[in-house]
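File shown here: final-v1.tsv, holding TSV, C-alpha atoms and all ligand atoms.
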chain	number	residue	atom	x	y	z
A	1	MET	CA	-6.97	-31.18	130.13
A	2	LYS	CA	-6.31	-28.54	132.79
A	3	PHE	CA	-9.02	-27.05	135.01
A	4	ASN	CA	-9.73	-23.79	133.15
A	5	THR	CA	-10.15	-25.70	129.89
A	6	LYS	CA	-12.30	-28.34	131.57
A	7	THR	CA	-14.84	-25.76	132.75
A	8	ILE	CA	-15.49	-24.97	129.07
A	9	HIS	CA	-14.89	-28.27	127.29
A	10	GLY	CA	-14.68	-31.08	129.87
A	11	LYS	CA	-16.80	-34.11	128.86
A	12	GLN	CA	-18.79	-31.80	126.55
A	13	HIS	CA	-19.52	-32.41	122.86
A	14	PRO	CA	-21.66	-30.65	120.25
A	15	ASP	CA	-25.31	-31.64	120.40
A	16	LEU	CA	-25.93	-34.82	118.42
A	17	ALA	CA	-29.13	-33.63	116.70
A	18	TYR	CA	-27.98	-30.45	114.88
A	19	GLY	CA	-24.43	-29.85	116.12
A	20	ALA	CA	-25.36	-26.97	118.46
A	21	VAL	CA	-22.17	-26.00	120.28
A	22	ILE	CA	-24.10	-25.18	123.46
A	23	PRO	CA	-26.38	-27.98	124.75
A	24	PRO	CA	-29.98	-26.98	123.91
A	25	ILE	CA	-32.70	-26.86	126.55
A	26	TYR	CA	-34.58	-30.12	125.99
A	27	GLN	CA	-37.84	-28.98	127.52
A	28	THR	CA	-39.56	-32.33	127.15
A	29	THR	CA	-41.10	-34.87	129.47
A	30	THR	CA	-40.85	-37.88	127.21
A	31	TYR	CA	-39.20	-39.35	124.09
A	32	VAL	CA	-40.64	-41.29	121.15
A	33	GLN	CA	-40.13	-45.05	121.04
A	34	THR	CA	-40.33	-46.89	117.71
A	35	THR	CA	-41.20	-50.13	119.50
A	36	PRO	CA	-41.44	-50.65	123.29
A	37	GLY	CA	-37.88	-50.13	124.51
A	38	GLY	CA	-36.75	-48.84	121.09
A	39	HIS	CA	-35.36	-45.37	121.88
A	40	LYS	CA	-32.14	-43.34	121.75
A	41	GLY	CA	-31.27	-43.70	125.43
A	42	PHE	CA	-33.93	-41.31	126.70
A	43	GLU	CA	-37.35	-42.50	127.89
A	44	TYR	CA	-38.61	-40.08	130.51
A	45	SER	CA	-37.03	-36.90	131.84
A	46	ARG	CA	-36.96	-37.88	135.53
A	47	THR	CA	-34.62	-40.70	134.51
A	48	HIS	CA	-32.56	-38.94	131.80
A	49	ASN	CA	-32.68	-35.61	130.00
A	50	PRO	CA	-30.06	-34.54	127.44
A	51	THR	CA	-29.53	-31.06	128.94
A	52	ARG	CA	-29.23	-32.49	132.45
A	53	GLN	CA	-26.93	-35.21	131.17
A	54	ALA	CA	-24.62	-32.60	129.58
A	55	LEU	CA	-24.51	-30.84	132.95
A	56	GLU	CA	-23.87	-34.09	134.84
A	57	ASN	CA	-20.93	-34.79	132.52
A	58	ALA	CA	-19.57	-31.29	133.19
A	59	PHE	CA	-19.91	-31.85	136.96
A	60	ALA	CA	-17.92	-35.08	136.66
A	61	SER	CA	-15.23	-33.38	134.60
A	62	ILE	CA	-14.54	-30.38	136.82
A	63	GLU	CA	-14.38	-32.53	139.99
A	64	ASN	CA	-12.10	-35.16	138.37
A	65	GLY	CA	-14.85	-37.74	138.84
A	66	GLU	CA	-16.35	-40.32	136.53
A	67	PHE	CA	-20.06	-39.80	137.24
A	68	GLY	CA	-22.11	-36.67	137.97
A	69	LEU	CA	-25.68	-36.36	139.20
A	70	ALA	CA	-27.79	-33.20	139.26
A	71	PHE	CA	-30.60	-32.57	141.75
A	72	GLY	CA	-33.29	-29.97	142.39
A	73	SER	CA	-31.34	-28.44	145.31
A	74	GLY	CA	-28.22	-28.98	147.39
A	75	LEU	CA	-30.38	-30.50	150.11
A	76	ALA	CA	-31.93	-32.93	147.61
A	77	ALA	CA	-28.39	-34.08	146.75
A	78	ILE	CA	-27.56	-34.59	150.44
A	79	ASP	CA	-30.89	-36.39	150.93
A	80	ALA	CA	-29.87	-38.85	148.17
A	81	VAL	CA	-26.55	-39.59	149.91
A	82	ILE	CA	-28.21	-40.32	153.26
A	83	LYS	CA	-30.67	-42.63	151.48
A	84	LEU	CA	-27.69	-44.95	150.88
A	85	LEU	CA	-28.01	-45.75	154.62
A	86	LYS	CA	-30.48	-47.79	156.65
A	87	PRO	CA	-31.87	-47.60	160.20
A	88	GLY	CA	-29.16	-48.24	162.79
A	89	ASP	CA	-26.40	-46.74	160.64
A	90	GLU	CA	-24.34	-43.88	162.03
A	91	VAL	CA	-22.90	-40.75	160.44
A	92	ILE	CA	-20.06	-38.60	161.74
A	93	SER	CA	-20.57	-35.02	160.57
A	94	THR	CA	-18.73	-31.74	161.00
A	95	ASN	CA	-20.27	-29.79	163.90
A	96	ASP	CA	-20.13	-26.48	162.01
A	97	LEU	CA	-22.25	-26.88	158.89
A	98	TYR	CA	-25.08	-25.31	156.91
A	99	GLY	CA	-28.19	-25.08	159.11
A	100	GLY	CA	-30.36	-26.78	156.49
A	101	THR	CA	-28.04	-29.80	156.40
A	102	TYR	CA	-28.22	-30.03	160.20
A	103	ARG	CA	-32.03	-29.79	160.00
A	104	LEU	CA	-32.22	-32.53	157.34
A	105	PHE	CA	-30.02	-34.82	159.44
A	106	THR	CA	-31.73	-34.22	162.78
A	107	SER	CA	-35.36	-33.45	161.91
A	108	ILE	CA	-35.82	-35.93	159.05
A	109	PHE	CA	-33.24	-38.73	159.08
A	110	GLU	CA	-32.91	-39.19	162.85
A	111	GLY	CA	-36.64	-40.03	162.68
A	112	PHE	CA	-35.76	-42.91	160.34
A	113	GLY	CA	-33.31	-44.37	162.85
A	114	ILE	CA	-30.03	-42.94	161.54
A	115	LYS	CA	-27.71	-41.55	164.21
A	116	PHE	CA	-25.61	-38.42	163.65
A	117	HIS	CA	-22.56	-37.38	165.66
A	118	PHE	CA	-21.65	-33.70	165.22
A	119	VAL	CA	-17.94	-33.49	165.80
A	120	GLY	CA	-15.15	-30.91	165.67
A	121	MET	CA	-12.99	-32.26	162.83
A	122	GLU	CA	-10.27	-29.59	162.71
A	123	ASN	CA	-8.12	-32.25	164.37
A	124	ALA	CA	-8.90	-35.22	162.12
A	125	ALA	CA	-7.78	-37.68	164.82
A	126	ASN	CA	-10.88	-36.69	166.81
A	127	ILE	CA	-13.08	-38.36	164.17
A	128	GLU	CA	-11.74	-41.78	165.11
A	129	ASN	CA	-13.16	-41.45	168.65
A	130	PHE	CA	-16.66	-41.64	167.15
A	131	VAL	CA	-16.16	-44.56	164.72
A	132	ASN	CA	-17.88	-47.82	165.64
A	133	HIS	CA	-19.15	-50.84	163.71
A	134	ASN	CA	-22.37	-48.95	162.76
A	135	THR	CA	-20.50	-46.01	161.21
A	136	LYS	CA	-21.19	-45.86	157.47
A	137	LEU	CA	-20.48	-42.27	156.45
A	138	ILE	CA	-18.29	-39.31	157.35
A	139	TRP	CA	-19.84	-36.00	156.26
A	140	VAL	CA	-17.43	-33.11	155.86
A	141	GLU	CA	-18.02	-29.50	154.97
A	142	THR	CA	-14.79	-27.61	154.28
A	143	PRO	CA	-14.51	-24.66	154.54
A	144	THR	CA	-17.37	-24.89	157.02
A	145	ASN	CA	-20.45	-22.69	156.86
A	146	PRO	CA	-20.27	-20.14	158.47
A	147	MET	CA	-17.11	-20.34	160.62
A	148	LEU	CA	-14.68	-21.09	157.77
A	149	ASN	CA	-12.94	-23.92	159.58
A	150	ILE	CA	-10.83	-26.14	157.37
A	151	ILE	CA	-10.92	-29.94	157.62
A	152	ASP	CA	-7.99	-32.01	156.37
A	153	ILE	CA	-9.63	-34.09	153.60
A	154	LYS	CA	-6.63	-36.38	153.04
A	155	ALA	CA	-6.31	-37.23	156.75
A	156	THR	CA	-10.08	-37.78	157.01
A	157	ALA	CA	-10.02	-40.01	153.93
A	158	ALA	CA	-7.30	-42.14	155.52
A	159	ILE	CA	-9.55	-42.69	158.57
A	160	ALA	CA	-12.54	-43.46	156.34
A	161	LYS	CA	-10.56	-46.01	154.31
A	162	LYS	CA	-9.13	-47.65	157.43
A	163	HIS	CA	-12.65	-48.27	158.77
A	164	ASN	CA	-14.30	-48.95	155.40
A	165	VAL	CA	-16.59	-45.94	155.76
A	166	LEU	CA	-17.72	-43.62	152.95
A	167	LEU	CA	-16.39	-40.06	152.96
A	168	ALA	CA	-18.58	-37.31	151.47
A	169	VAL	CA	-17.31	-33.74	151.13
A	170	ASP	CA	-19.61	-30.75	150.68
A	171	ASN	CA	-17.43	-28.68	148.33
A	172	THR	CA	-19.88	-25.78	148.01
A	173	PHE	CA	-17.66	-23.10	149.59
A	174	ALA	CA	-14.41	-24.14	147.92
A	175	THR	CA	-15.60	-25.29	144.46
A	176	PRO	CA	-13.35	-27.54	142.36
A	177	TYR	CA	-11.38	-24.43	141.35
A	178	LEU	CA	-9.89	-24.42	144.86
A	179	GLN	CA	-9.94	-28.08	145.92
A	180	GLN	CA	-10.80	-31.44	144.38
A	181	PRO	CA	-11.83	-33.80	147.19
A	182	LEU	CA	-11.98	-36.96	145.03
A	183	ASP	CA	-8.25	-36.54	144.34
A	184	LEU	CA	-7.68	-36.31	148.11
A	185	GLY	CA	-9.47	-39.62	148.76
A	186	ALA	CA	-13.14	-38.66	149.21
A	187	ASP	CA	-15.78	-41.02	147.77
A	188	ILE	CA	-18.51	-38.45	147.11
A	189	VAL	CA	-18.35	-34.72	146.36
A	190	MET	CA	-21.50	-32.72	146.93
A	191	HIS	CA	-22.40	-29.18	145.87
A	192	SER	CA	-25.11	-26.71	146.43
A	193	ALA	CA	-24.79	-25.71	142.75
A	194	THR	CA	-27.11	-22.85	143.70
A	195	LYS	CA	-23.92	-21.06	144.80
A	196	TYR	CA	-20.59	-20.64	142.96
A	197	ILE	CA	-21.31	-23.27	140.28
A	198	GLY	CA	-24.42	-21.42	139.08
A	199	GLY	CA	-22.71	-18.21	140.09
A	200	HIS	CA	-25.49	-15.74	139.27
A	201	SER	CA	-28.11	-16.28	142.03
A	202	ASP	CA	-30.68	-17.39	139.48
A	203	LEU	CA	-31.16	-21.09	140.23
A	204	VAL	CA	-31.42	-23.69	143.01
A	205	MET	CA	-29.59	-26.96	142.35
A	206	GLY	CA	-27.53	-29.75	143.87
A	207	ALA	CA	-24.77	-32.00	142.56
A	208	LEU	CA	-23.05	-35.25	143.45
A	209	ILE	CA	-19.88	-36.52	141.82
A	210	VAL	CA	-18.24	-39.92	142.35
A	211	LYS	CA	-15.54	-42.09	140.78
A	212	ASP	CA	-16.79	-45.53	141.76
A	213	LYS	CA	-19.20	-47.21	139.33
A	214	ASP	CA	-21.14	-49.23	141.95
A	215	LEU	CA	-21.63	-46.17	144.14
A	216	ALA	CA	-22.76	-44.19	141.08
A	217	LYS	CA	-25.28	-46.92	140.22
A	218	LYS	CA	-26.80	-46.75	143.71
A	219	LEU	CA	-27.02	-42.96	143.58
A	220	TYR	CA	-28.56	-42.93	140.07
A	221	PHE	CA	-31.12	-45.43	141.35
A	222	ILE	CA	-32.00	-43.11	144.26
A	223	GLN	CA	-32.05	-40.05	141.97
A	224	ASN	CA	-34.58	-41.75	139.68
A	225	ALA	CA	-36.56	-43.56	142.38
A	226	SER	CA	-36.90	-40.52	144.67
A	227	GLY	CA	-37.12	-38.11	141.74
A	228	ALA	CA	-35.52	-34.93	143.12
A	229	ILE	CA	-34.02	-33.93	139.76
A	230	CYS	CA	-33.49	-30.43	138.36
A	231	GLY	CA	-35.15	-29.19	135.19
A	232	PRO	CA	-33.56	-28.55	131.77
A	233	GLN	CA	-33.71	-24.72	132.04
A	234	ASP	CA	-31.75	-24.76	135.29
A	235	SER	CA	-29.34	-27.33	133.83
A	236	PHE	CA	-28.66	-24.93	130.95
A	237	LEU	CA	-27.99	-22.05	133.37
A	238	ALA	CA	-25.65	-24.16	135.48
A	239	LEU	CA	-23.73	-25.27	132.38
A	240	ARG	CA	-23.29	-21.62	131.47
A	241	GLY	CA	-22.20	-20.82	135.02
A	242	ILE	CA	-19.52	-23.53	134.99
A	243	LYS	CA	-17.87	-21.97	131.92
A	244	THR	CA	-16.80	-18.92	133.95
A	245	LEU	CA	-16.25	-20.61	137.31
A	246	HIS	CA	-12.47	-20.20	137.22
A	247	VAL	CA	-12.46	-16.49	136.36
A	248	ARG	CA	-15.16	-15.71	138.88
A	249	MET	CA	-13.45	-17.68	141.64
A	250	GLN	CA	-10.15	-15.92	141.04
A	251	ARG	CA	-11.84	-12.54	141.54
A	252	HIS	CA	-13.91	-13.76	144.53
A	253	CYS	CA	-10.65	-14.82	146.22
A	254	GLU	CA	-8.83	-11.55	145.46
A	255	ASN	CA	-11.73	-9.42	146.71
A	256	ALA	CA	-12.23	-11.54	149.84
A	257	LYS	CA	-8.55	-11.15	150.71
A	258	ALA	CA	-8.82	-7.36	150.43
A	259	VAL	CA	-12.07	-7.24	152.45
A	260	ALA	CA	-10.81	-9.61	155.18
A	261	THR	CA	-7.59	-7.59	155.52
A	262	TYR	CA	-9.59	-4.36	155.79
A	263	LEU	CA	-11.98	-5.77	158.40
A	264	ALA	CA	-9.12	-7.18	160.50
A	265	SER	CA	-7.61	-3.70	160.78
A	266	HIS	CA	-10.89	-1.97	161.75
A	267	PRO	CA	-11.26	-0.92	165.42
A	268	LYS	CA	-14.99	-1.73	165.43
A	269	VAL	CA	-14.43	-5.35	164.40
A	270	GLU	CA	-13.81	-8.13	166.95
A	271	ASN	CA	-12.94	-11.34	165.06
A	272	VAL	CA	-12.51	-12.00	161.36
A	273	TYR	CA	-12.78	-15.61	160.18
A	274	TRP	CA	-11.00	-16.19	156.86
A	275	PRO	CA	-8.66	-19.14	156.24
A	276	GLY	CA	-6.09	-16.99	154.43
A	277	PHE	CA	-4.88	-15.35	157.64
A	278	LYS	CA	-1.62	-16.83	158.91
A	279	ASN	CA	-3.13	-16.95	162.42
A	280	HIS	CA	-6.25	-18.84	161.28
A	281	PRO	CA	-6.05	-22.13	163.25
A	282	ASN	CA	-6.25	-24.26	160.08
A	283	HIS	CA	-4.25	-21.99	157.77
A	284	THR	CA	-1.59	-24.63	157.08
A	285	ILE	CA	-4.13	-27.22	155.96
A	286	ALA	CA	-5.94	-24.59	153.88
A	287	LYS	CA	-2.68	-23.73	152.14
A	288	THR	CA	-1.96	-27.38	151.44
A	289	GLN	CA	-5.33	-28.53	150.13
A	290	MET	CA	-6.72	-25.34	148.57
A	291	LYS	CA	-5.39	-23.25	145.69
A	292	ASP	CA	-6.59	-20.02	147.34
A	293	PHE	CA	-8.83	-19.14	150.30
A	294	GLY	CA	-12.26	-18.56	148.76
A	295	GLY	CA	-14.77	-15.75	148.75
A	296	MET	CA	-16.42	-16.23	152.15
A	297	ILE	CA	-15.68	-14.28	155.35
A	298	SER	CA	-17.39	-14.19	158.73
A	299	PHE	CA	-16.81	-11.53	161.37
A	300	SER	CA	-18.26	-10.08	164.53
A	301	THR	CA	-18.52	-6.50	165.74
A	302	LYS	CA	-16.46	-5.23	168.68
A	303	GLY	CA	-17.58	-6.75	171.98
A	304	ASN	CA	-19.82	-9.18	170.04
A	305	ASP	CA	-22.48	-6.50	170.01
A	306	TYR	CA	-25.71	-7.88	168.50
A	307	SER	CA	-27.39	-4.50	167.92
A	308	GLU	CA	-24.23	-3.05	166.27
A	309	SER	CA	-24.15	-6.03	163.90
A	310	ILE	CA	-27.81	-5.57	162.96
A	311	LYS	CA	-27.28	-1.82	162.41
A	312	LEU	CA	-24.31	-2.56	160.19
A	313	LEU	CA	-26.31	-5.05	158.11
A	314	GLU	CA	-29.10	-2.49	157.65
A	315	LYS	CA	-26.63	0.21	156.53
A	316	LEU	CA	-24.89	-1.79	153.80
A	317	ARG	CA	-25.59	-0.49	150.29
A	318	ILE	CA	-23.59	-2.65	147.86
A	319	PHE	CA	-23.59	-5.81	149.97
A	320	THR	CA	-27.19	-7.04	149.83
A	321	LEU	CA	-28.70	-8.46	153.02
A	322	ALA	CA	-29.90	-11.86	151.82
A	323	GLU	CA	-29.56	-15.61	152.29
A	324	SER	CA	-27.30	-17.59	149.93
A	325	LEU	CA	-23.79	-16.99	148.63
A	326	GLY	CA	-21.53	-17.54	145.65
A	327	GLY	CA	-23.19	-15.18	143.17
A	328	VAL	CA	-21.37	-12.40	141.33
A	329	GLU	CA	-22.98	-9.84	143.67
A	330	SER	CA	-21.79	-9.40	147.25
A	331	LEU	CA	-24.20	-10.61	149.93
A	332	ALA	CA	-24.23	-10.17	153.70
A	333	GLY	CA	-26.09	-12.48	156.06
A	334	HIS	CA	-26.89	-12.95	159.73
A	335	PRO	CA	-26.39	-16.70	160.29
A	336	ALA	CA	-28.10	-16.82	163.73
A	337	SER	CA	-31.44	-15.62	162.34
A	338	MET	CA	-31.11	-16.67	158.71
A	339	THR	CA	-29.05	-19.62	157.39
A	340	HIS	CA	-28.42	-21.27	160.77
A	341	ALA	CA	-31.67	-20.44	162.59
A	342	SER	CA	-32.68	-24.11	162.58
A	343	ILE	CA	-29.72	-25.03	164.84
A	344	PRO	CA	-30.61	-24.60	168.54
A	345	LYS	CA	-28.88	-21.48	169.97
A	346	ALA	CA	-26.83	-23.47	172.50
A	347	GLU	CA	-25.58	-25.84	169.78
A	348	ARG	CA	-24.65	-23.12	167.29
A	349	GLU	CA	-22.94	-20.97	169.94
A	350	LYS	CA	-20.64	-23.92	170.77
A	351	THR	CA	-19.12	-23.55	167.30
A	352	GLY	CA	-18.98	-19.74	167.41
A	353	VAL	CA	-22.21	-18.88	165.58
A	354	VAL	CA	-23.08	-16.12	168.03
A	355	ASP	CA	-25.85	-13.55	167.55
A	356	SER	CA	-23.38	-10.84	166.52
A	357	LEU	CA	-21.83	-12.92	163.71
A	358	ILE	CA	-22.06	-11.54	160.17
A	359	ARG	CA	-21.28	-13.62	157.09
A	360	LEU	CA	-20.12	-12.07	153.82
A	361	SER	CA	-20.18	-13.62	150.39
A	362	VAL	CA	-17.74	-11.34	148.62
A	363	GLY	CA	-18.73	-10.82	145.00
A	364	ILE	CA	-16.73	-9.77	141.96
A	365	GLU	CA	-17.43	-6.02	142.05
A	366	ASP	CA	-14.62	-3.47	142.41
A	367	GLU	CA	-12.74	-4.05	145.64
A	368	GLU	CA	-12.69	-0.32	146.54
A	369	ASP	CA	-16.49	-0.10	146.35
A	370	LEU	CA	-16.88	-3.10	148.65
A	371	ILE	CA	-14.44	-1.70	151.20
A	372	ASN	CA	-16.04	1.76	151.04
A	373	ASP	CA	-19.44	0.17	151.66
A	374	LEU	CA	-18.15	-1.60	154.77
A	375	LYS	CA	-16.38	1.61	155.87
A	376	GLN	CA	-19.60	3.67	155.74
A	377	ALA	CA	-21.64	0.91	157.43
A	378	LEU	CA	-19.06	0.48	160.23
A	379	GLY	CA	-18.78	4.24	160.60
A	401	LIG	O1	-29.88	-24.34	149.25
A	401	LIG	P1	-29.49	-25.64	148.66
A	401	LIG	O2	-29.13	-25.56	147.21
A	401	LIG	O3	-30.47	-26.73	148.94
A	401	LIG	O4	-28.10	-26.08	149.34
A	401	LIG	C1	-27.98	-26.41	150.68
A	401	LIG	C2	-26.57	-26.16	151.15
A	401	LIG	C3	-25.70	-27.22	151.30
A	401	LIG	N1	-24.41	-27.04	151.70
A	401	LIG	C4	-23.93	-25.81	151.94
A	401	LIG	C5	-22.52	-25.66	152.39
A	401	LIG	C6	-24.75	-24.70	151.82
A	401	LIG	O5	-24.23	-23.49	152.08
A	401	LIG	C7	-26.11	-24.86	151.42
A	401	LIG	C8	-27.05	-23.71	151.30
A	401	LIG	N2	-26.62	-22.57	151.98
A	401	LIG	C9	-27.28	-21.37	152.02
A	401	LIG	C10	-28.47	-21.16	151.47
A	401	LIG	C11	-26.58	-20.32	152.76
A	401	LIG	O6	-26.90	-19.12	152.62
A	401	LIG	O7	-25.64	-20.66	153.52
So, in terms of structure tokens, how does the structure I just supplied come out?
Amino acid sequence: MKFNTKTIHGKQHPDLAYGAVIPPIYQTTTYVQTTPGGHKGFEYSRTHNPTRQALENAFASIENGEFGLAFGSGLAAIDAVIKLLKPGDEVISTNDLYGGTYRLFTSIFEGFGIKFHFVGMENAANIENFVNHNTKLIWVETPTNPMLNIIDIKATAAIAKKHNVLLAVDNTFATPYLQQPLDLGADIVMHSATKYIGGHSDLVMGALIVKDKDLAKKLYFIQNASGAICGPQDSFLALRGIKTLHVRMQRHCENAKAVATYLASHPKVENVYWPGFKNHPNHTIAKTQMKDFGGMISFSTKGNDYSESIKLLEKLRIFTLAESLGGVESLAGHPASMTHASIPKAEREKTGVVDSLIRLSVGIEDEEDLINDLKQALG
């Protein structure tokens, strides 16, 4: 089955009770047992829920995995992955990543004795400098949030395999429409399903997808034991979102290309970060491992002028100034004060997250309206 068909049919079947084509919302805590242990595979909804299970199957299908797990947020999914580790273990992570992931690693898990190395991975060989006998996990975000760097998943997977270390890829920005990390050698794919997977800015959710049965067993144990699951209503919404992922992503990519090209030609714009540009430092890898270049763009105003950037954000009319990304509507954000505020200024500026940086999540509206909005705000 090819990708566009999988989004609609992959690992899905009509509901077993009445044949409903769309999985119903099983808004229930518990399930009848005829005798202790005598049930139809569902005991308690933290452990299993039919709507969530339908979604978990869909996650597995679109990422070419065997097992999917759904969580109450992207961070809850990441939290479950780090709970595979124990004190003394070390993680090598991309240095440019979502501020909340950085905060979870440094403010929660460092306190439990796990060590994190934040490393520039654009040259995969650099990762090897940080591997030692305590290294258990490589954490990759690609494209990175918010600088849109691209990490070579295949090359990173080769390093992970060589040292018997797990490789997890946060595939939130790319989605499986653009890249399928398990096929490139990753062990775990993670999503903030809040974003493109849900696609309509109406839910908060996380996902993990794996191929390996033993790894899946450990993660299901953590999911149930820690309990950070998502509810059946949100599972239903995410299932609906997945069905249009491919058509939405195609339009996100087309619109982002038009917007990035426009911004790059504007005299009041300093730098535009978008992996589709031939002069983007990781363009070749992006072209190899991604089908297209995604819907995210970051840019700074001429002279890296903080007050000009803030004025621009205030003047936007169609782009909405808000956290998050990946919905059908275009959003604009200010990473330094919003999504990446929990990273110390000196740390974030090392990776280019300066105070003048603006991040755009380009939606699926008409391209001309988006460009006109930027034109009036820049003017
Ligand atoms: O918000 P949540 O569903 O918990 O997902 C966290 C997360 C993980 N990974 C990436 C790459 C992310 O972008 C996010 C959340 N990001 C935003 C809210 C944002 O505006 O960047």
Quick one: pull the distance between CA of Gly88 (chain A) and CA of Asp187 (chain A), Å, one decimal.
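Going from CA of Gly88 (chain A) over to CA of Asp187 (chain A), I get 21.4 Å.
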When distances are computed from all atoms listed in the file, which of A:Phe59, A:Tyr31, A:Tyr26, A:Phe236 shows the smallest separation from Gly10 (chain A)?
A:Phe59
Return the single residue from A:Ile92, A:Ile297, A:Ala260, A:Ala346 that is closest to ligand LIG 401 (chain A), with distances computed using all atoms listed in the file.
A:Ile297
Excluding Cys253 (chain A) and any residue of its chain fewer than 6 positions from it, enumerate the residues within 7 Å of it, using only C-alpha atoms, and give them as a ChimeraX atom specification.
/A:292-295
Got a sec: who's within 10 Å of region 170-172 of chain A, counting all atoms listed in the file, leaving out chain neighbours fewer than 3 positions off, as number ranges by chain?
A: 63, 74, 78, 97-98, 139-145, 175-176, 178-181, 188-197, 206-208, 325-326
